[in-house]
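Next comes entry.cif, with mmCIF, C-alpha atoms and all ligand atoms.
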data_work
#
loop_
_atom_site.group_PDB
_atom_site.id
_atom_site.type_symbol
_atom_site.label_atom_id
_atom_site.label_comp_id
_atom_site.auth_asym_id
_atom_site.auth_seq_id
_atom_site.Cartn_x
_atom_site.Cartn_y
_atom_site.Cartn_z
ATOM 1 C CA GLU I 341 1.035 -26.777 -12.924
ATOM 2 C CA GLY I 342 4.256 -27.297 -10.931
ATOM 3 C CA VAL I 343 4.523 -28.853 -7.480
ATOM 4 C CA LEU I 344 6.100 -25.824 -5.839
ATOM 5 C CA PRO I 345 4.037 -22.717 -5.330
ATOM 6 C CA GLN I 346 4.801 -19.971 -7.812
ATOM 7 C CA GLU I 347 5.858 -16.699 -6.218
ATOM 8 C CA TYR I 348 4.325 -13.652 -7.840
ATOM 9 C CA THR I 349 4.661 -10.009 -7.009
ATOM 10 C CA ILE I 350 1.416 -8.094 -7.209
ATOM 11 C CA VAL I 351 2.042 -4.529 -8.317
ATOM 12 C CA LYS I 352 -0.622 -1.985 -7.396
ATOM 13 C CA LEU I 353 -1.714 0.108 -10.367
ATOM 14 C CA LYS I 354 -3.998 2.878 -9.038
ATOM 15 C CA VAL I 355 -7.016 4.048 -10.984
ATOM 16 C CA GLN I 356 -6.903 7.837 -11.244
ATOM 17 C CA ASN I 357 -9.987 9.681 -10.060
ATOM 18 C CA PRO I 358 -12.442 6.728 -9.963
ATOM 19 C CA SER I 359 -15.428 9.054 -9.486
ATOM 20 C CA SER I 360 -14.965 10.383 -13.044
ATOM 21 C CA ILE I 361 -15.051 6.917 -14.624
ATOM 22 C CA GLU I 362 -18.294 5.862 -16.271
ATOM 23 C CA ALA I 363 -17.970 2.143 -15.538
ATOM 24 C CA PHE I 364 -17.751 2.910 -11.810
ATOM 25 C CA ALA I 365 -20.768 5.255 -11.702
ATOM 26 C CA PRO I 366 -23.177 2.606 -10.308
ATOM 27 C CA PHE I 367 -20.672 1.664 -7.597
ATOM 28 C CA LEU I 368 -19.388 5.004 -6.317
ATOM 29 C CA ASP I 369 -21.310 4.681 -3.040
ATOM 30 C CA ILE I 370 -19.719 1.288 -2.442
ATOM 31 C CA ILE I 371 -16.228 2.498 -3.373
ATOM 32 C CA GLY I 372 -16.545 5.592 -1.166
ATOM 33 C CA GLN I 373 -13.185 7.215 -0.412
ATOM 34 C CA ARG I 374 -11.189 4.044 -1.055
ATOM 35 C CA GLU I 375 -8.535 3.817 -3.775
ATOM 36 C CA VAL I 376 -9.360 1.511 -6.704
ATOM 37 C CA ILE I 377 -6.462 -0.788 -7.565
ATOM 38 C CA LEU I 378 -5.691 -2.999 -10.552
ATOM 39 C CA PRO I 379 -3.360 -5.597 -9.027
ATOM 40 C CA GLY I 380 -0.960 -6.735 -11.771
ATOM 41 C CA ALA I 381 0.581 -10.164 -11.088
ATOM 42 C CA THR I 382 4.151 -10.507 -12.325
ATOM 43 C CA LEU I 383 7.182 -12.800 -12.114
ATOM 44 C CA ARG I 384 9.395 -9.883 -13.169
ATOM 45 C CA PRO I 385 8.835 -6.999 -10.740
ATOM 46 C CA GLU I 386 12.083 -5.301 -11.830
ATOM 47 C CA THR I 387 10.410 -4.609 -15.189
ATOM 48 C CA VAL I 388 7.941 -2.078 -13.685
ATOM 49 C CA VAL I 389 10.183 0.672 -15.103
ATOM 50 C CA GLY I 390 9.173 -0.401 -18.634
ATOM 51 C CA GLN I 391 5.382 -0.341 -18.238
ATOM 52 C CA THR I 392 3.506 1.217 -21.160
ATOM 53 C CA ASN I 393 -0.030 0.007 -20.313
ATOM 54 C CA CYS I 394 -1.949 -2.615 -18.329
ATOM 55 C CA TRP I 395 -3.739 -5.608 -19.863
ATOM 56 C CA ILE I 396 -7.309 -6.571 -18.967
ATOM 57 C CA SER I 397 -9.279 -9.465 -20.430
ATOM 58 C CA PRO I 398 -12.320 -8.414 -22.449
ATOM 59 C CA ASN I 399 -13.650 -11.966 -21.987
ATOM 60 C CA PHE I 400 -14.481 -12.205 -18.293
ATOM 61 C CA ALA I 401 -15.785 -10.111 -15.415
ATOM 62 C CA TYR I 402 -13.599 -8.616 -12.712
ATOM 63 C CA LYS I 403 -14.800 -8.647 -9.142
ATOM 64 C CA ALA I 404 -14.209 -5.964 -6.530
ATOM 65 C CA TYR I 405 -12.909 -6.776 -3.047
ATOM 66 C CA ALA I 406 -11.785 -4.529 -0.197
ATOM 67 C CA VAL I 407 -8.204 -5.504 0.664
ATOM 68 C CA LYS I 408 -6.405 -3.969 3.649
ATOM 69 C CA ASN I 409 -3.118 -2.228 2.894
ATOM 70 C CA ALA I 410 -0.037 -2.040 5.119
ATOM 71 C CA ALA I 411 -1.483 0.952 6.987
ATOM 72 C CA GLY I 412 -4.676 -0.998 7.719
ATOM 73 C CA GLN I 413 -6.803 0.993 5.270
ATOM 74 C CA GLU I 414 -8.997 -0.699 2.704
ATOM 75 C CA GLU I 415 -8.337 -0.489 -1.029
ATOM 76 C CA VAL I 416 -10.742 -1.817 -3.650
ATOM 77 C CA PHE I 417 -8.988 -4.460 -5.786
ATOM 78 C CA LEU I 418 -10.472 -5.490 -9.157
ATOM 79 C CA MET I 419 -9.447 -9.089 -9.890
ATOM 80 C CA THR I 420 -10.637 -12.667 -10.255
ATOM 81 C CA GLN I 421 -12.505 -14.499 -7.527
ATOM 82 C CA LYS I 422 -9.725 -17.053 -7.463
ATOM 83 C CA ALA I 423 -7.155 -14.385 -6.569
ATOM 84 C CA ALA I 424 -9.387 -13.154 -3.724
ATOM 85 C CA ARG I 425 -9.678 -16.708 -2.383
ATOM 86 C CA ASN I 426 -5.921 -17.196 -2.529
ATOM 87 C CA MET I 427 -5.377 -13.912 -0.718
ATOM 88 C CA LEU I 428 -7.737 -14.982 2.063
ATOM 89 C CA TYR I 429 -5.696 -18.129 2.603
ATOM 90 C CA GLN I 430 -2.518 -16.030 2.626
ATOM 91 C CA ASN I 431 -3.708 -13.901 5.546
ATOM 92 C CA PHE I 432 -4.758 -10.855 3.603
ATOM 93 C CA THR I 433 -7.806 -9.131 5.088
ATOM 94 C CA VAL I 434 -10.454 -9.210 2.351
ATOM 95 C CA ASN I 435 -13.830 -7.513 2.937
ATOM 96 C CA GLY I 436 -12.982 -7.327 6.609
ATOM 97 C CA THR I 437 -12.370 -11.045 7.047
ATOM 98 C CA ILE I 438 -9.348 -13.300 7.045
ATOM 99 C CA ALA I 439 -8.576 -17.008 6.607
ATOM 100 C CA THR I 440 -12.100 -17.962 5.577
ATOM 101 C CA SER I 441 -13.031 -20.116 2.597
ATOM 102 C CA ASP I 442 -14.749 -17.521 0.448
ATOM 103 C CA VAL I 443 -16.099 -14.013 0.389
ATOM 104 C CA GLU I 444 -18.739 -12.133 -1.625
ATOM 105 C CA ALA I 445 -17.529 -9.564 -4.129
ATOM 106 C CA LEU I 446 -18.564 -5.948 -3.494
ATOM 107 C CA PHE I 447 -19.566 -5.675 -7.171
ATOM 108 C CA GLU I 448 -18.413 -6.887 -10.571
ATOM 109 C CA ILE I 449 -17.700 -5.283 -13.949
ATOM 110 C CA ASP I 450 -17.126 -6.881 -17.355
ATOM 111 C CA GLY I 451 -13.499 -6.595 -18.417
ATOM 112 C CA ALA I 452 -14.649 -5.020 -21.694
ATOM 113 C CA LYS I 453 -15.938 -2.033 -19.677
ATOM 114 C CA LEU I 454 -12.597 -1.568 -17.947
ATOM 115 C CA ILE I 455 -10.689 -0.563 -21.099
ATOM 116 C CA GLY I 456 -9.189 2.938 -21.202
ATOM 117 C CA LEU I 457 -8.896 3.469 -17.433
ATOM 118 C CA PRO I 458 -6.151 5.978 -16.546
ATOM 119 C CA LEU I 459 -3.693 4.495 -14.069
ATOM 120 C CA THR I 460 -0.760 5.551 -11.947
ATOM 121 C CA ALA I 461 1.752 2.715 -12.307
ATOM 122 C CA PRO I 462 4.666 2.418 -9.866
ATOM 123 C CA MET I 463 8.035 3.435 -11.389
ATOM 124 C CA SER I 464 6.689 3.911 -14.917
ATOM 125 C CA ARG I 465 8.289 6.741 -16.864
ATOM 126 C CA PHE I 466 4.778 7.767 -17.933
ATOM 127 C CA PRO I 467 2.702 9.589 -15.294
ATOM 128 C CA THR I 468 -0.466 7.998 -16.688
ATOM 129 C CA ILE I 469 -0.868 4.679 -18.514
ATOM 130 C CA TYR I 470 -4.111 3.011 -19.668
ATOM 131 C CA THR I 471 -5.817 -0.360 -19.536
ATOM 132 C CA LEU I 472 -5.991 -2.130 -22.906
ATOM 133 C CA PRO I 473 -7.521 -5.487 -23.912
ATOM 134 C CA MET I 474 -5.546 -8.732 -24.211
ATOM 135 C CA ALA I 475 -7.697 -11.662 -25.289
ATOM 136 C CA THR I 476 -5.275 -14.374 -24.140
ATOM 137 C CA ILE I 477 -5.286 -13.494 -20.419
ATOM 138 C CA SER I 478 -6.069 -16.584 -18.374
ATOM 139 C CA GLU I 479 -8.789 -16.304 -15.725
ATOM 140 C CA SER I 480 -7.124 -19.022 -13.663
ATOM 141 C CA LYS I 481 -3.667 -17.464 -13.281
ATOM 142 C CA GLY I 482 -2.557 -14.618 -11.028
ATOM 143 C CA THR I 483 -5.156 -11.882 -10.620
ATOM 144 C CA GLY I 484 -6.306 -11.642 -14.267
ATOM 145 C CA VAL I 485 -4.561 -8.256 -14.441
ATOM 146 C CA VAL I 486 -1.212 -8.074 -16.276
ATOM 147 C CA MET I 487 1.189 -5.140 -16.274
ATOM 148 C CA SER I 488 2.545 -4.660 -19.796
ATOM 149 C CA VAL I 489 6.257 -4.409 -20.543
ATOM 150 C CA PRO I 490 6.624 -4.747 -24.316
ATOM 151 C CA ALA I 491 10.429 -4.416 -24.316
ATOM 152 C CA ASP I 492 10.908 -7.695 -22.424
ATOM 153 C CA SER I 493 7.728 -9.752 -22.692
ATOM 154 C CA PRO I 494 6.890 -11.313 -26.076
ATOM 155 C CA ASP I 495 3.164 -11.462 -25.206
ATOM 156 C CA ASP I 496 3.150 -7.784 -24.306
ATOM 157 C CA TYR I 497 5.236 -6.886 -27.367
ATOM 158 C CA ILE I 498 2.965 -8.662 -29.845
ATOM 159 C CA ASN I 499 -0.255 -7.301 -28.382
ATOM 160 C CA PHE I 500 1.112 -3.784 -28.001
ATOM 161 C CA THR I 501 2.590 -3.554 -31.517
ATOM 162 C CA GLN I 502 -0.687 -4.783 -33.039
ATOM 163 C CA LEU I 503 -2.469 -1.904 -31.367
ATOM 164 C CA ILE I 504 0.164 0.709 -32.066
ATOM 165 C CA LYS I 505 0.630 -0.193 -35.742
ATOM 166 C CA LYS I 506 -3.012 -0.618 -36.704
ATOM 167 C CA PRO I 507 -5.278 2.431 -36.348
ATOM 168 C CA GLU I 508 -8.207 0.532 -37.955
ATOM 169 C CA TYR I 509 -7.847 -2.270 -35.439
ATOM 170 C CA ARG I 510 -7.858 0.211 -32.546
ATOM 171 C CA ALA I 511 -10.934 1.910 -33.954
ATOM 172 C CA LYS I 512 -12.703 -1.428 -34.344
ATOM 173 C CA LEU I 513 -12.066 -2.217 -30.678
ATOM 174 C CA GLY I 514 -13.102 1.283 -29.558
ATOM 175 C CA ILE I 515 -9.609 2.093 -28.336
ATOM 176 C CA LYS I 516 -8.714 5.788 -28.356
ATOM 177 C CA ASP I 517 -5.413 6.802 -29.943
ATOM 178 C CA GLU I 518 -4.313 8.630 -26.803
ATOM 179 C CA TRP I 519 -4.391 5.383 -24.808
ATOM 180 C CA VAL I 520 -1.772 3.812 -27.112
ATOM 181 C CA VAL I 521 0.033 6.173 -29.485
ATOM 182 C CA PRO I 522 2.068 8.280 -26.998
ATOM 183 C CA PHE I 523 3.640 5.186 -25.409
ATOM 184 C CA GLU I 524 6.788 4.142 -27.214
ATOM 185 C CA ILE I 525 8.511 0.966 -26.018
ATOM 186 C CA ILE I 526 11.100 1.786 -23.343
ATOM 187 C CA PRO I 527 14.264 -0.383 -23.428
ATOM 188 C CA ILE I 528 14.957 -1.402 -19.818
ATOM 189 C CA ILE I 529 17.322 -4.398 -19.969
ATOM 190 C CA GLU I 530 20.430 -5.001 -22.053
ATOM 191 C CA VAL I 531 21.752 -8.482 -22.782
ATOM 192 C CA PRO I 532 25.051 -9.206 -24.520
ATOM 193 C CA GLY I 533 24.845 -10.158 -28.185
ATOM 194 C CA GLU I 534 22.087 -10.037 -30.721
ATOM 195 C CA LEU I 535 19.135 -9.404 -28.403
ATOM 196 C CA GLY I 536 20.681 -6.225 -27.038
ATOM 197 C CA ARG I 537 18.124 -3.766 -25.679
ATOM 198 C CA GLU I 538 15.132 -5.112 -27.597
ATOM 199 C CA SER I 539 14.895 -8.754 -26.599
ATOM 200 C CA ALA I 540 11.171 -9.192 -27.143
ATOM 201 C CA ARG I 541 11.100 -7.518 -30.554
ATOM 202 C CA ILE I 542 14.131 -9.368 -31.870
ATOM 203 C CA VAL I 543 12.980 -12.805 -30.729
ATOM 204 C CA CYS I 544 9.419 -12.228 -32.022
ATOM 205 C CA GLU I 545 10.839 -11.216 -35.412
ATOM 206 C CA ARG I 546 13.343 -14.103 -35.489
ATOM 207 C CA LEU I 547 10.549 -16.608 -34.789
ATOM 208 C CA LYS I 548 8.246 -14.803 -37.275
ATOM 209 C CA ILE I 549 5.473 -14.371 -34.755
ATOM 210 C CA ASN I 550 2.570 -12.635 -36.455
ATOM 211 C CA GLY I 551 0.104 -12.112 -33.662
ATOM 212 C CA PRO I 552 -1.236 -13.163 -30.268
ATOM 213 C CA LYS I 553 -2.665 -16.361 -31.774
ATOM 214 C CA ASP I 554 0.787 -17.856 -32.457
ATOM 215 C CA ALA I 555 0.664 -19.438 -29.007
ATOM 216 C CA ASP I 556 3.371 -22.114 -29.405
ATOM 217 C CA LEU I 557 5.872 -19.689 -30.893
ATOM 218 C CA LEU I 558 5.089 -17.142 -28.190
ATOM 219 C CA GLU I 559 5.766 -19.808 -25.579
ATOM 220 C CA GLU I 560 9.165 -20.458 -27.171
ATOM 221 C CA ALA I 561 9.904 -16.722 -27.425
ATOM 222 C CA LYS I 562 9.046 -16.275 -23.721
ATOM 223 C CA LYS I 563 11.582 -18.926 -22.730
ATOM 224 C CA ILE I 564 14.375 -17.420 -24.832
ATOM 225 C CA VAL I 565 13.732 -13.845 -23.685
ATOM 226 C CA TYR I 566 13.309 -14.887 -20.054
ATOM 227 C CA GLN I 567 16.555 -16.884 -19.950
ATOM 228 C CA ALA I 568 18.569 -14.157 -21.663
ATOM 229 C CA GLY I 569 17.098 -11.261 -19.673
ATOM 230 C CA PHE I 570 17.055 -12.825 -16.240
ATOM 231 C CA TYR I 571 20.454 -14.543 -16.291
ATOM 232 C CA GLN I 572 22.524 -12.227 -18.514
ATOM 233 C CA GLY I 573 20.669 -8.957 -18.459
ATOM 234 C CA VAL I 574 21.699 -5.653 -16.911
ATOM 235 C CA MET I 575 19.212 -2.878 -16.092
ATOM 236 C CA ILE I 576 19.476 0.221 -18.301
ATOM 237 C CA GLU I 577 16.433 2.109 -16.925
ATOM 238 C CA GLY I 578 15.230 3.113 -13.470
ATOM 239 C CA PRO I 579 16.824 3.226 -10.015
ATOM 240 C CA TYR I 580 18.858 0.044 -10.507
ATOM 241 C CA THR I 581 20.520 1.014 -13.788
ATOM 242 C CA GLY I 582 23.804 -0.896 -14.086
ATOM 243 C CA GLU I 583 22.717 -3.736 -11.762
ATOM 244 C CA LYS I 584 22.260 -7.326 -12.860
ATOM 245 C CA VAL I 585 18.593 -8.177 -13.427
ATOM 246 C CA SER I 586 18.647 -10.902 -10.761
ATOM 247 C CA ILE I 587 19.878 -8.368 -8.172
ATOM 248 C CA ALA I 588 17.534 -5.616 -9.386
ATOM 249 C CA LYS I 589 14.605 -8.012 -8.970
ATOM 250 C CA VAL I 590 15.288 -8.408 -5.246
ATOM 251 C CA LYS I 591 15.932 -4.693 -4.695
ATOM 252 C CA MET I 592 12.910 -3.552 -6.682
ATOM 253 C CA THR I 593 10.616 -5.980 -4.880
ATOM 254 C CA LYS I 594 11.815 -4.648 -1.528
ATOM 255 C CA GLU I 595 11.494 -1.023 -2.602
ATOM 256 C CA LEU I 596 7.946 -1.500 -3.919
ATOM 257 C CA MET I 597 6.906 -3.462 -0.822
ATOM 258 C CA ASP I 598 8.415 -0.840 1.514
ATOM 259 C CA GLN I 599 6.242 1.764 -0.218
ATOM 260 C CA ASP I 600 3.233 -0.579 -0.088
ATOM 261 C CA LEU I 601 3.079 -0.485 -3.888
ATOM 262 C CA ALA I 602 3.523 -4.260 -4.153
ATOM 263 C CA ILE I 603 2.623 -7.402 -2.228
ATOM 264 C CA ARG I 604 3.945 -10.932 -2.326
ATOM 265 C CA TYR I 605 1.480 -13.558 -3.489
ATOM 266 C CA PHE I 606 1.734 -17.305 -4.064
ATOM 267 C CA GLU I 607 -0.326 -19.773 -6.036
HETATM 268 B B1 LIG D 701 5.152 -11.253 -16.546
HETATM 269 P P1 LIG D 701 3.313 -17.931 -15.598
HETATM 270 CL CL1 LIG D 701 8.692 -8.312 -18.699
HETATM 271 N N1 LIG D 701 -2.735 -14.540 -18.074
HETATM 272 O O1 LIG D 701 5.249 -9.884 -16.022
HETATM 273 C C1 LIG D 701 -1.689 -14.406 -18.914
HETATM 274 N N2 LIG D 701 -0.489 -13.928 -18.546
HETATM 275 C C2 LIG D 701 -0.338 -13.577 -17.261
HETATM 276 C C3 LIG D 701 -1.392 -13.677 -16.322
HETATM 277 C C4 LIG D 701 -2.638 -14.183 -16.770
HETATM 278 N N3 LIG D 701 -3.695 -14.323 -15.951
HETATM 279 N N4 LIG D 701 -0.951 -13.225 -15.130
HETATM 280 C C5 LIG D 701 0.332 -12.871 -15.304
HETATM 281 N N5 LIG D 701 0.717 -13.058 -16.591
HETATM 282 C C6 LIG D 701 2.016 -12.805 -17.229
HETATM 283 C C7 LIG D 701 6.164 -9.065 -16.811
HETATM 284 C C8 LIG D 701 6.915 -10.061 -17.623
HETATM 285 C C9 LIG D 701 6.379 -11.335 -17.472
HETATM 286 C C10 LIG D 701 8.049 -9.877 -18.433
HETATM 287 C C11 LIG D 701 8.618 -10.955 -19.058
HETATM 288 C C12 LIG D 701 8.082 -12.222 -18.916
HETATM 289 C C13 LIG D 701 6.947 -12.422 -18.103
HETATM 290 C C14 LIG D 701 5.417 -8.057 -17.644
HETATM 291 N N6 LIG D 701 4.272 -8.592 -18.307
HETATM 292 O O2 LIG D 701 6.389 -13.634 -17.908
HETATM 293 O O3 LIG D 701 2.601 -18.638 -16.674
HETATM 294 C C15 LIG D 701 2.911 -11.889 -16.439
HETATM 295 O O4 LIG D 701 3.911 -11.337 -17.287
HETATM 296 C C16 LIG D 701 6.890 -14.725 -18.678
HETATM 297 C C17 LIG D 701 6.695 -16.021 -17.972
HETATM 298 O O5 LIG D 701 2.586 -17.883 -14.276
HETATM 299 C C18 LIG D 701 3.715 -12.813 -15.504
HETATM 300 O O6 LIG D 701 5.034 -12.221 -15.450
HETATM 301 O O7 LIG D 701 4.702 -18.360 -15.483
HETATM 302 C C19 LIG D 701 3.704 -14.124 -16.237
HETATM 303 O O8 LIG D 701 2.706 -14.042 -17.282
HETATM 304 C C20 LIG D 701 3.332 -15.308 -15.331
HETATM 305 O O9 LIG D 701 3.330 -16.431 -16.150
#

Can you present the structure in this file as structure tokens?
Amino acid sequence: EGVLPQEYTIVKLKVQNPSSIEAFAPFLDIIGQREVILPGATLRPETVVGQTNCWISPNFAYKAYAVKNAAGQEEVFLMTQKAARNMLYQNFTVNGTIATSDVEALFEIDGAKLIGLPLTAPMSRFPTIYTLPMATISESKGTGVVMSVPADSPDDYINFTQLIKKPEYRAKLGIKDEWVVPFEIIPIIEVPGELGRESARIVCERLKINGPKDADLLEEAKKIVYQAGFYQGVMIEGPYTGEKVSIAKVKMTKELMDQDLAIRYFE
């Protein structure tokens, strides 16, 4: 893509009680006492306060790597191999090594088997959120894990509303109601004018976006919502309520990193 490296923030979403999760049963000896983390890659870390779920691709496998945290303890990250390679080059300790060209995964699991995992997501108003499938996740960008903020991301809005409005569609995909239904969209940013507190919904409706397959329109919606939110928006949820989004981004990144709930990552 661009010439300059893109700066992402990786937000650590923790899997609750991994030993009770069926998909992990064959790997519990490998996981041991370590936390299992879904590392969500985002350009908008200030939006953590609006998380309703986490997106996983049902179309590729996620690989497990032991990544050292700030305290020097290992956590098991589920992500793409490419993300693990990038981390190695960025001086993360992965599977006990650093600055090497590649590393073996501890194990791998199909994304389709990772749907419905209960997670603790930093700063979310909901004590537990769940992993849900998003077919358009790219395997070559970020970590392959996307935190979902339907109030301010058109992709997240379109995928989330499809699931919330269509019980038959959920049933067809094997998605339980309790993973979706209790999670109403939380307004987190207000922009002056028409977009108000529901930027993603209003732009998706204005552009008549019908579903995740309207890729070109979604691209356009992303640009409009991003420009409005980032440059004119003010936070209306979370610890930085009343602050400009551009300021809240810096403060939230620092706060999450200080708590070792986020890490900086480039690609
Ligand atoms: B953003 P860029 Cl609220 N596949 O985070 C598809 N999308 C991915 C991805 C992948 N492998 N990895 C990350 N992303 C998403 C928040 C957000 C984001 C908001 C508003 C806009 C927005 C909550 N989702 O991004 O192509 C992540 O969603 C709009 C650009 O590398 C990440 O930031 O520029 C963004 O796409 C990175 O996209």

**OP:** Tell me, as a PyMOL selection string, which residues lie within 7 Å of region 443-446 of chain I, counting only C-alpha atoms; anything in the same chain fewer than 3 positions away does not count.
**Re:** chain I and resi 403-405

Dump as a PDB file, in the frame of the given file, selection limited to C-alpha atoms:
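Okay, out24.pdb is ready:
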ATOM      1  CA  LYS I 403     -14.800  -8.647  -9.142  1.00  0.00           C
ATOM      2  CA  ALA I 404     -14.209  -5.964  -6.530  1.00  0.00           C
ATOM      3  CA  TYR I 405     -12.909  -6.776  -3.047  1.00  0.00           C
TER       4      TYR I 405
END

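Rounded to one decimal, CA of Phe364 (chain I) and CA of Met419 (chain I) lie 14.7 Å from each other.
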
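Distance annotation: of I:Ala588, I:Ala406, I:Leu459, I:Met487, the residue with the minimal separation from ligand LIG 701 (chain D) is I:Met487; atom set is all atoms listed in the file.
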
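For the choices I:Ile498, I:Val521, I:Val489, I:Met427, the atom-to-atom distance to ligand LIG 701 (chain D) is smallest for I:Val489 when using all atoms listed in the file.
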
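Residues of protein or nucleic acid lying within 7 Å of ligand LIG 701 (chain D), counting all atoms listed in the file, are Ala381, Thr382, Leu383, Arg384, Pro385, Thr387, Thr476, Ile477, Ser478, Glu479, Ser480, Lys481, Gly482, Thr483, Gly484, Val485, Val486, Met487, Ser488, Val489, Pro490, Asp492, Ser493, Asp496, Lys562 and Tyr566 of chain I.
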
Written file, previous selection with C-alpha atoms, as a PDB file, keeping the file's coordinate frame:
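The resulting file, out_36.pdb, is shown below:
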ATOM      1  CA  ALA I 381       0.581 -10.164 -11.088  1.00  0.00           C
ATOM      2  CA  THR I 382       4.151 -10.507 -12.325  1.00  0.00           C
ATOM      3  CA  LEU I 383       7.182 -12.800 -12.114  1.00  0.00           C
ATOM      4  CA  ARG I 384       9.395  -9.883 -13.169  1.00  0.00           C
ATOM      5  CA  PRO I 385       8.835  -6.999 -10.740  1.00  0.00           C
ATOM      6  CA  THR I 387      10.410  -4.609 -15.189  1.00  0.00           C
ATOM      7  CA  THR I 476      -5.275 -14.374 -24.140  1.00  0.00           C
ATOM      8  CA  ILE I 477      -5.286 -13.494 -20.419  1.00  0.00           C
ATOM      9  CA  SER I 478      -6.069 -16.584 -18.374  1.00  0.00           C
ATOM     10  CA  GLU I 479      -8.789 -16.304 -15.725  1.00  0.00           C
ATOM     11  CA  SER I 480      -7.124 -19.022 -13.663  1.00  0.00           C
ATOM     12  CA  LYS I 481      -3.667 -17.464 -13.281  1.00  0.00           C
ATOM     13  CA  GLY I 482      -2.557 -14.618 -11.028  1.00  0.00           C
ATOM     14  CA  THR I 483      -5.156 -11.882 -10.620  1.00  0.00           C
ATOM     15  CA  GLY I 484      -6.306 -11.642 -14.267  1.00  0.00           C
ATOM     16  CA  VAL I 485      -4.561  -8.256 -14.441  1.00  0.00           C
ATOM     17  CA  VAL I 486      -1.212  -8.074 -16.276  1.00  0.00           C
ATOM     18  CA  MET I 487       1.189  -5.140 -16.274  1.00  0.00           C
ATOM     19  CA  SER I 488       2.545  -4.660 -19.796  1.00  0.00           C
ATOM     20  CA  VAL I 489       6.257  -4.409 -20.543  1.00  0.00           C
ATOM     21  CA  PRO I 490       6.624  -4.747 -24.316  1.00  0.00           C
ATOM     22  CA  ASP I 492      10.908  -7.695 -22.424  1.00  0.00           C
ATOM     23  CA  SER I 493       7.728  -9.752 -22.692  1.00  0.00           C
ATOM     24  CA  ASP I 496       3.150  -7.784 -24.306  1.00  0.00           C
ATOM     25  CA  LYS I 562       9.046 -16.275 -23.721  1.00  0.00           C
ATOM     26  CA  TYR I 566      13.309 -14.887 -20.054  1.00  0.00           C
TER      27      TYR I 566
END

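The list of residues with at least one atom within 9 Å of Ser441 (chain I), based on only C-alpha atoms and without residues fewer than 4 positions apart in the same chain, reads Arg425, Leu428 and Tyr429 of chain I.
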
List as JSON lines every residue of region 379-488 of chain I that is in contact with region 507-515 of chain I, defined as an atom at most 12 Å from one of its atoms (using only C-alpha atoms), together with the nearest atom pair and the distance in Å rounded to one decimal, sorted by chain and then rising number.
{"residue": "I:Pro398", "atom": "CA", "partner": "I:Leu513", "partner_atom": "CA", "distance": 10.3}
{"residue": "I:Ala452", "atom": "CA", "partner": "I:Leu513", "partner_atom": "CA", "distance": 9.8}
{"residue": "I:Lys453", "atom": "CA", "partner": "I:Gly514", "partner_atom": "CA", "distance": 10.8}
{"residue": "I:Leu454", "atom": "CA", "partner": "I:Ile515", "partner_atom": "CA", "distance": 11.4}
{"residue": "I:Ile455", "atom": "CA", "partner": "I:Ile515", "partner_atom": "CA", "distance": 7.8}
{"residue": "I:Gly456", "atom": "CA", "partner": "I:Ile515", "partner_atom": "CA", "distance": 7.2}
{"residue": "I:Leu457", "atom": "CA", "partner": "I:Ile515", "partner_atom": "CA", "distance": 11.0}
{"residue": "I:Tyr470", "atom": "CA", "partner": "I:Ile515", "partner_atom": "CA", "distance": 10.3}
{"residue": "I:Thr471", "atom": "CA", "partner": "I:Ile515", "partner_atom": "CA", "distance": 9.9}
{"residue": "I:Leu472", "atom": "CA", "partner": "I:Ile515", "partner_atom": "CA", "distance": 7.8}
{"residue": "I:Pro473", "atom": "CA", "partner": "I:Leu513", "partner_atom": "CA", "distance": 8.8}
{"residue": "I:Met474", "atom": "CA", "partner": "I:Leu513", "partner_atom": "CA", "distance": 11.3}
{"residue": "I:Ala475", "atom": "CA", "partner": "I:Leu513", "partner_atom": "CA", "distance": 11.7}

**OP:** Find the residues around Gly451 (chain I) up to 7 Å (only C-alpha atoms counted), leave out those fewer than 3 positions away in its own chain, and share them as a ChimeraX atom specification.
**Re:** /I:396-402,454

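Summary of the local environment: counting all atoms listed in the file, residues at most 9 Å from Val389 (chain I), other than itself and those fewer than 6 positions away along its chain, are Pro462, Met463, Ser464, Arg465, Val489, Ile526, Ile528, Glu577, Gly578 and Pro579 of chain I.
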
Subject >> Within 9 Å of region 355-363 of chain I using all atoms listed in the file, minus same-chain residues under 3 positions, as number ranges by chain >> reply: I: 366-368, 371, 375-378, 449, 453-454, 457-461, 468

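Remark: for Val590 (chain I), the closest of the candidate residues I:Gln391, I:Glu386, I:Lys352, I:Lys563 is I:Glu386 (distances computed over all atoms listed in the file).
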
**OP:** Report as a list in words the residues that result from applying the PyMOL selection byres (((chain I and resi 430) around 10) and not hetatm) to the structure here.
**Re:** Ala424, Arg425, Asn426, Met427, Leu428, Tyr429, Asn431, Phe432, Thr433, Ile438, Ala439, Arg604, Tyr605, Phe606 and Glu607 of chain I

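Each of I:Gly390, I:Gln413, I:Leu503, I:Lys594 was checked against Arg537 (chain I) using only C-alpha atoms; the smallest atom-to-atom distance is that of I:Gly390.
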
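Distance-wise, CA of Thr349 (chain I) and CA of Lys422 (chain I) end up 16.0 Å apart.
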